[in-house]
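Asker: Provided herewith is a single structure, encoded as structure tokens, for subsequent inquiry.
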Amino acid sequence: MAIRARLTAPRETREEWLWHEVESTSLPASFLFAGDRRMEAENFLAPGFAIRHAITSKDSGWTTFSGVARTWQPSRLKGIQVASDYGTPFLAATQVFDVRPVPRKWLSLNRTNDHAQRYVHEGTILLTCSGSVGRATLADKSIADILISHDLLRIDVREERMRGWVYAYLRSPTIRAMMTSAQYGHMIKHLEVSHLDALPFIEIPDELLSNFTQLTNDVVRSRDRAHDLVHGAEKRFEEEVGAISDLVDGAQGFTTSASAIFGKGRRFEGYYHNPVARSAEEAIAESGHRLERLSDLVDRVFIPGRFKHVYGPDGRPYLDSAQILEVSPDIDKRVLSLDAERRAGYLVEAGTLLLPCSGQLHGIIGSVVLAGEWHEGKVLTNHILRIVPKDQPKIRIGYLQAVLSHPRLGRPRVLRGAFGSSVPELSVLDINNMTVPRLSATAEDAIADDMEEAATLMAHANSVEDDISERAEKIVQKFLA
């Protein structure tokens, strides 16, 4: 019998197939029929289930979460989306974690059910309950007067002295594992109010309660002050340069002259000629201030090359381009694959400007962050462009941040150079060639002082939140021991 020719060598015949080992355990029936009667096997195999059982098996030292806080959730949102001129800004669940939340949707207030319950007061504890569940944050003034998604649980403590410990408790990695063990759903995980109410809550002495409350108040105060400083600096910059008139963003189309397309640079991408960026460039050029190229003012503008990502628990903390724009992000990756020589290009020092250079135009690309002490010692992705100041600066780095990040006179100019179809990119060449208006020394120093202090405060708040999580984790581990 003829055998058909094969493109590869014959495979070895297996007499036994090596199946993976099934993860399983045995449980008493009382676990299945107690409380909320969970039947999903994965919930009982999750590490958080064992933690929960270890806490509840103790005779004292704990109570239920519902005893210390009221957890609630607005009804499912059925808002009508309208133009920004007529609507109220709306934030999705993940946007409240942004350092500077920027609304992308506006809703008709008259057609939004229970809209009063969708505003959030400063200091309220918010918890994600859909997708990546169990992530907590504190509301600050950056989300005031903005409608917030129903995909965030609102947590109101019953006694003010408990607020700091409640927040710290939810940020503990061990307790978050316990929360994820209570989630349900196949593709998209969910956490209900009843699940959080039923969780055990460890009690601590009053002196520790006071300490945690002070720390959480420090976080909110620092971020509120940082937001005020940034808005003040941007207002001062706009007064010095001159405001531009309100323009449509060009999403519905716009026209431009042929000479603009075939002139210097010959850019054929439509977004390069959008009216907002064009007006910002004209405002800078006609401001009457001396203009200098960015590359002449700084030591170096660069994007590090790619590297093979190998992660492990003993590696250095890794931040991607979205995480540098979040408040106290979850650092769940640690890089092992960088040796000491190559690592230097991925580490940053305080005072470096960080600019995500890859992503969607309506997202993170083109945002600007001034690195602080919190960023030092961490590996930053190669999708972040670095702007390194000179040893003897020709320009204050805080002022340069204001020039690049101003929402009307800065970021549109940065994004103008984006190229690419599916995933737009920013090039070092375009950033180097950007013009920087030079104001009086007094004006530049005033703007730089505010921006640099704001960056210091935001880095400080992140460090305090890390400290809160570590302290809470130690208390939980001590209780479990």
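Residues are referred to by chain and number: the chain letter is A, B, ... according to the order shown in the structure tokens, the number counts from 1 in that chain, and ligands are numbered separately from 1 in the order shown.
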Near region 84-94 of chain A, counting only C-alpha atoms, which residues have an atom at most 6 Å away, once you skip same-chain residues fewer than 4 positions from it, shown as a list of chain:residue names?
Answerer: A:Pro103, A:Lys105, A:Trp106, A:Leu107, A:Ser108, A:Ile146, A:Leu147, A:Ile148, A:Ser149, A:Asp151, A:Leu152
Asker: Neighbours of Trp165 (chain A) within 7 Å (only C-alpha atoms; same-chain residues fewer than 3 positions away dropped), as a PyMOL selection string?
Answerer: chain A and resi 162+168-169+209+212-213
Asker: Provide the CA of Tyr318 (chain A) to CA of Gly366 (chain A) distance in Å, to one decimal place.
Answerer: 20.3 Å
Asker: Write out as a list in words each polymer residue whose atoms come within 12 Å of Ala50 (chain A), counting only C-alpha atoms; drop sequence neighbours fewer than 2 positions from it.
Answerer: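 The neighbour list is Thr25, Leu27, Phe31, Asn43, Phe44, Leu45, Ala46, Pro47, Gly48, Arg52, His53, Ala54, Ile55, Thr56, Ser57, Thr174, Ile175, Ala177, Met178, Met179, Ser181, Ala182 and Leu480 of chain A.
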Asker: Once you have the residues from the selection above, write them out as a tab-separated table (two decimals), in the first residue's frame, restricted to C-alpha atoms.
Answerer:
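After the write, result_12.tsv holds the following:
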```tsv
chain	number	residue	atom	x	y	z
A	25	THR	CA	-10.31	19.06	46.75
A	27	LEU	CA	-15.23	19.95	51.20
A	31	PHE	CA	-19.78	24.85	53.02
A	43	ASN	CA	-14.77	29.71	44.34
A	44	PHE	CA	-13.89	26.93	46.78
A	45	LEU	CA	-10.52	26.31	45.12
A	46	ALA	CA	-9.49	29.97	45.17
A	47	PRO	CA	-6.91	30.99	47.83
A	48	GLY	CA	-9.32	33.65	49.06
A	52	ARG	CA	-12.10	33.66	54.53
A	53	HIS	CA	-12.59	30.34	56.28
A	54	ALA	CA	-9.49	30.96	58.42
A	55	ILE	CA	-10.87	34.30	59.62
A	56	THR	CA	-14.42	33.10	60.28
A	57	SER	CA	-13.17	30.05	62.15
A	174	THR	CA	-4.95	39.10	51.07
A	175	ILE	CA	-8.38	40.70	51.43
A	177	ALA	CA	-7.95	37.71	47.09
A	178	MET	CA	-10.84	37.02	49.45
A	179	MET	CA	-13.07	39.36	47.45
A	181	SER	CA	-13.05	34.35	45.58
A	182	ALA	CA	-16.61	35.65	46.02
A	480	LEU	CA	-4.30	34.78	60.47
```
Asker: With only C-alpha atoms as the basis for distance, which of A:Arg300, A:Arg100, A:Arg471, A:Lys394 is at the shortest distance from Val428 (chain A)?
Answerer: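 Closest residue, counting only C-alpha atoms: A:Arg300.
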Asker: So that I can check the surroundings of Glu203 (chain A), please list as number ranges by chain every protein, DNA and RNA residue that reaches within 9 Å of it, counting only C-alpha atoms and ignoring chain neighbours fewer than 6 positions away.
Answerer: A: 61-63
Asker: Could you check how far CA of Gly79 (chain A) sits from CA of Tyr184 (chain A), in Å to one decimal?
Answerer: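 So the two atoms, CA of Gly79 (chain A) and CA of Tyr184 (chain A), lie 26.2 Å apart.
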Asker: Restricting the calculation to only C-alpha atoms: of A:Phe97, A:Tyr399, A:Phe65, A:Tyr167, which residue gets closest to Asp140 (chain A)?
Answerer: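 Going through A:Phe97, A:Tyr399, A:Phe65, A:Tyr167 one by one, the smallest distance to Asp140 (chain A) is for A:Phe97.
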Asker: Between CA of Arg290 (chain A) and CA of Ile387 (chain A), what is the distance in Å, rounded to a tenth?
Answerer: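 Rounded to one decimal, the two atoms are 21.3 Å apart.
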Asker: What's the 6 Å shell around Ser172 (chain A), counting only C-alpha atoms, without same-chain residues fewer than 6 positions away, as an MDAnalysis selection string?
Answerer: chainID A and resid 469 472:473
Asker: Check region 9-245 of chain A with DSSP on the backbone and list each residue it calls strand (DSSP E or B), as a ChimeraX atom specification.
Answerer: /A:62-64,69-72,81-82,88-91,98,105-107,125-128,130,136-138,147-148,152-157,184,190,200-202
Asker: Let's see if you can do this: from backbone DSSP, list all helix (DSSP H, G or I) residues in region 189-291 of chain A, as a PyMOL selection string.
Answerer: chain A and resi 193-197+206-241+258-261+270-273+275-285
Asker: Could you check the closest approach to Ile397 (chain A) for each of A:Val298, A:Leu127, A:Leu336, A:Leu409 and tell me which residue wins, using only C-alpha atoms?
Answerer: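 Checking each candidate against Ile397 (chain A), we get A:Val298 as the closest.
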Asker: Out of A:Arg111, A:Arg413, A:Arg163, A:His231, which residue has the shortest atom-to-atom distance to Thr124 (chain A) when counting only C-alpha atoms?
Answerer: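 Between A:Arg111, A:Arg413, A:Arg163, A:His231, the residue approaching Thr124 (chain A) most closely is A:Arg163.
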Asker: Can you pull out the residues contacting region 319-329 of chain A? Cut-off 6 Å, using only C-alpha atoms, and skip same-chain residues under 4 positions away; I want them as JSON, numbers by chain.
Answerer: {"A": [97, 98, 99, 356, 380, 381, 384, 462]}
Asker: Pull N, CA and C atoms from the residues just selected and write them as a PDB file, in the first residue's frame.
Answerer:
```pdb
ATOM      1  N   PHE A  97      -9.715  55.957  38.253  1.00  0.00           N
ATOM      2  CA  PHE A  97      -8.362  55.679  38.713  1.00  0.00           C
ATOM      3  C   PHE A  97      -7.320  56.523  37.978  1.00  0.00           C
ATOM      4  N   ASP A  98      -7.749  57.319  36.997  1.00  0.00           N
ATOM      5  CA  ASP A  98      -6.817  58.153  36.256  1.00  0.00           C
ATOM      6  C   ASP A  98      -6.341  59.320  37.106  1.00  0.00           C
ATOM      7  N   VAL A  99      -5.077  59.683  36.941  1.00  0.00           N
ATOM      8  CA  VAL A  99      -4.549  60.856  37.632  1.00  0.00           C
ATOM      9  C   VAL A  99      -5.349  62.091  37.253  1.00  0.00           C
ATOM     10  N   PRO A 356       3.586  58.648  27.192  1.00  0.00           N
ATOM     11  CA  PRO A 356       3.174  57.450  26.446  1.00  0.00           C
ATOM     12  C   PRO A 356       3.135  57.755  24.953  1.00  0.00           C
ATOM     13  N   LEU A 380      10.139  50.751  33.372  1.00  0.00           N
ATOM     14  CA  LEU A 380       9.061  51.342  32.598  1.00  0.00           C
ATOM     15  C   LEU A 380       9.085  50.802  31.177  1.00  0.00           C
ATOM     16  N   THR A 381       7.934  50.547  30.630  1.00  0.00           N
ATOM     17  CA  THR A 381       7.806  49.941  29.316  1.00  0.00           C
ATOM     18  C   THR A 381       8.492  50.777  28.232  1.00  0.00           C
ATOM     19  N   ILE A 384       6.935  54.146  26.422  1.00  0.00           N
ATOM     20  CA  ILE A 384       6.953  55.457  27.072  1.00  0.00           C
ATOM     21  C   ILE A 384       8.179  56.221  26.587  1.00  0.00           C
ATOM     22  N   ASN A 462       0.864  58.267  46.127  1.00  0.00           N
ATOM     23  CA  ASN A 462       1.059  56.870  45.734  1.00  0.00           C
ATOM     24  C   ASN A 462       1.889  56.113  46.766  1.00  0.00           C
TER      25      ASN A 462
END
```
Asker: Which residue out of A:Val476, A:Lys378, A:Pro437, A:Glu42 has the minimum interatomic distance to Glu286 (chain A) when only C-alpha atoms are used?
Answerer: A:Pro437
Asker: What's the 12 Å shell around Val120 (chain A), counting only C-alpha atoms, without same-chain residues fewer than 3 positions away, as a ChimeraX atom specification?
Answerer: /A:73-74,90-91,96,115-117,123-126,138-150,152-156
Asker: Using only C-alpha atoms, which of the listed residues (A:Thr442, A:Ser337, A:Gln401, A:Ser421) sits closest to Leu361 (chain A)?
Answerer: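 Checking each of A:Thr442, A:Ser337, A:Gln401, A:Ser421 against Leu361 (chain A), counting only C-alpha atoms, the winner is A:Ser421.
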